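Below: one structure, written as structure tokens.
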Amino acid sequence: MEVKALLKRLGVEPLVIELDELGPQGPQLQKVLERLTGQFTVPNVFIDTVRLYRKGELVPLLSETSGKILESKSLQRP
């Protein structure tokens, strides 16, 4: 619920698939997602990187994120 609330505050309307509402297919889909992503827990958030790239938004987003990661790492002491 927290991820959905965050996305809503950001003005994003995600496609949400509630595994617990799919009946017996829910656990099956969760196992498939685990095989594909290595992550069993939910939520899994997938971002359409190709669409972001075509809109010219992916590179700035990655650059901004990369800078924050590097900045964060430089603050950490071994």
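In the structure tokens, chains take the letters A, B, ... in the order shown, each chain's residues start at 1, and ligands count up from 1 in the order shown.
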
- Determine which residues of chain A receive a DSSP assignment of helix (DSSP H, G or I), computed from the backbone, and state them as a ChimeraX atom specification. /A:2-9,19-21,25-37,49-54,58-75

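Around range 18-25 of chain A, within 10 Å and counting only C-alpha atoms, the residues found are A:Lys31, A:Val42, A:Pro43, once anything fewer than 6 positions away on its own chain is removed.
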
- Task: State, in Å with one decimal place, the distance from CA of Gly11 in chain A to CA of Asp48 in chain A.
- Result: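 Interatomic distance here is 15.8 Å.
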
- Task: Would you kindly return, as a PyMOL selection string, each protein, DNA or RNA residue with an atom no farther than 10 Å from any atom of Gln30 in chain A, considering only C-alpha atoms and excluding same-chain residues fewer than 2 positions away?
- Result: chain A and resi 19-20+25-28+32-36+39-42+44

Selection above as a file: C-alpha atoms, as a PDB file, in the first residue's frame:
ATOM      1  CA  LEU A  19      -1.646 -11.391  -6.471  1.00  0.00           C
ATOM      2  CA  ASP A  20      -3.918 -12.156  -3.534  1.00  0.00           C
ATOM      3  CA  GLN A  25      -3.034 -18.076 -10.117  1.00  0.00           C
ATOM      4  CA  GLY A  26      -1.627 -15.575  -7.609  1.00  0.00           C
ATOM      5  CA  PRO A  27       0.943 -17.888  -6.014  1.00  0.00           C
ATOM      6  CA  GLN A  28       1.794 -19.317  -9.436  1.00  0.00           C
ATOM      7  CA  VAL A  32       7.237 -17.046 -11.996  1.00  0.00           C
ATOM      8  CA  LEU A  33       8.205 -13.537 -10.878  1.00  0.00           C
ATOM      9  CA  GLU A  34      10.673 -15.033  -8.418  1.00  0.00           C
ATOM     10  CA  ARG A  35      12.304 -17.066 -11.190  1.00  0.00           C
ATOM     11  CA  LEU A  36      12.502 -14.015 -13.456  1.00  0.00           C
ATOM     12  CA  GLN A  39      12.746 -11.575  -5.674  1.00  0.00           C
ATOM     13  CA  PHE A  40       9.959 -13.484  -3.929  1.00  0.00           C
ATOM     14  CA  THR A  41       8.581 -10.698  -1.785  1.00  0.00           C
ATOM     15  CA  VAL A  42       6.115  -8.145  -3.061  1.00  0.00           C
ATOM     16  CA  ASN A  44       7.717  -5.783  -7.320  1.00  0.00           C
TER      17      ASN A  44
END

- How many Å separate CA of Val16 in chain A from CA of Phe46 in chain A? 10.4 Å

- Using only C-alpha atoms, find the one residue out of A:Ile47, A:Gly38, A:Glu2, A:Leu58 that sits nearest to Pro14 in chain A. A:Ile47

- Item | Point-to-point distance in Å for CA of Arg54 in chain A and CA of Glu13 in chain A |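 Interatomic distance here is 19.0 Å.
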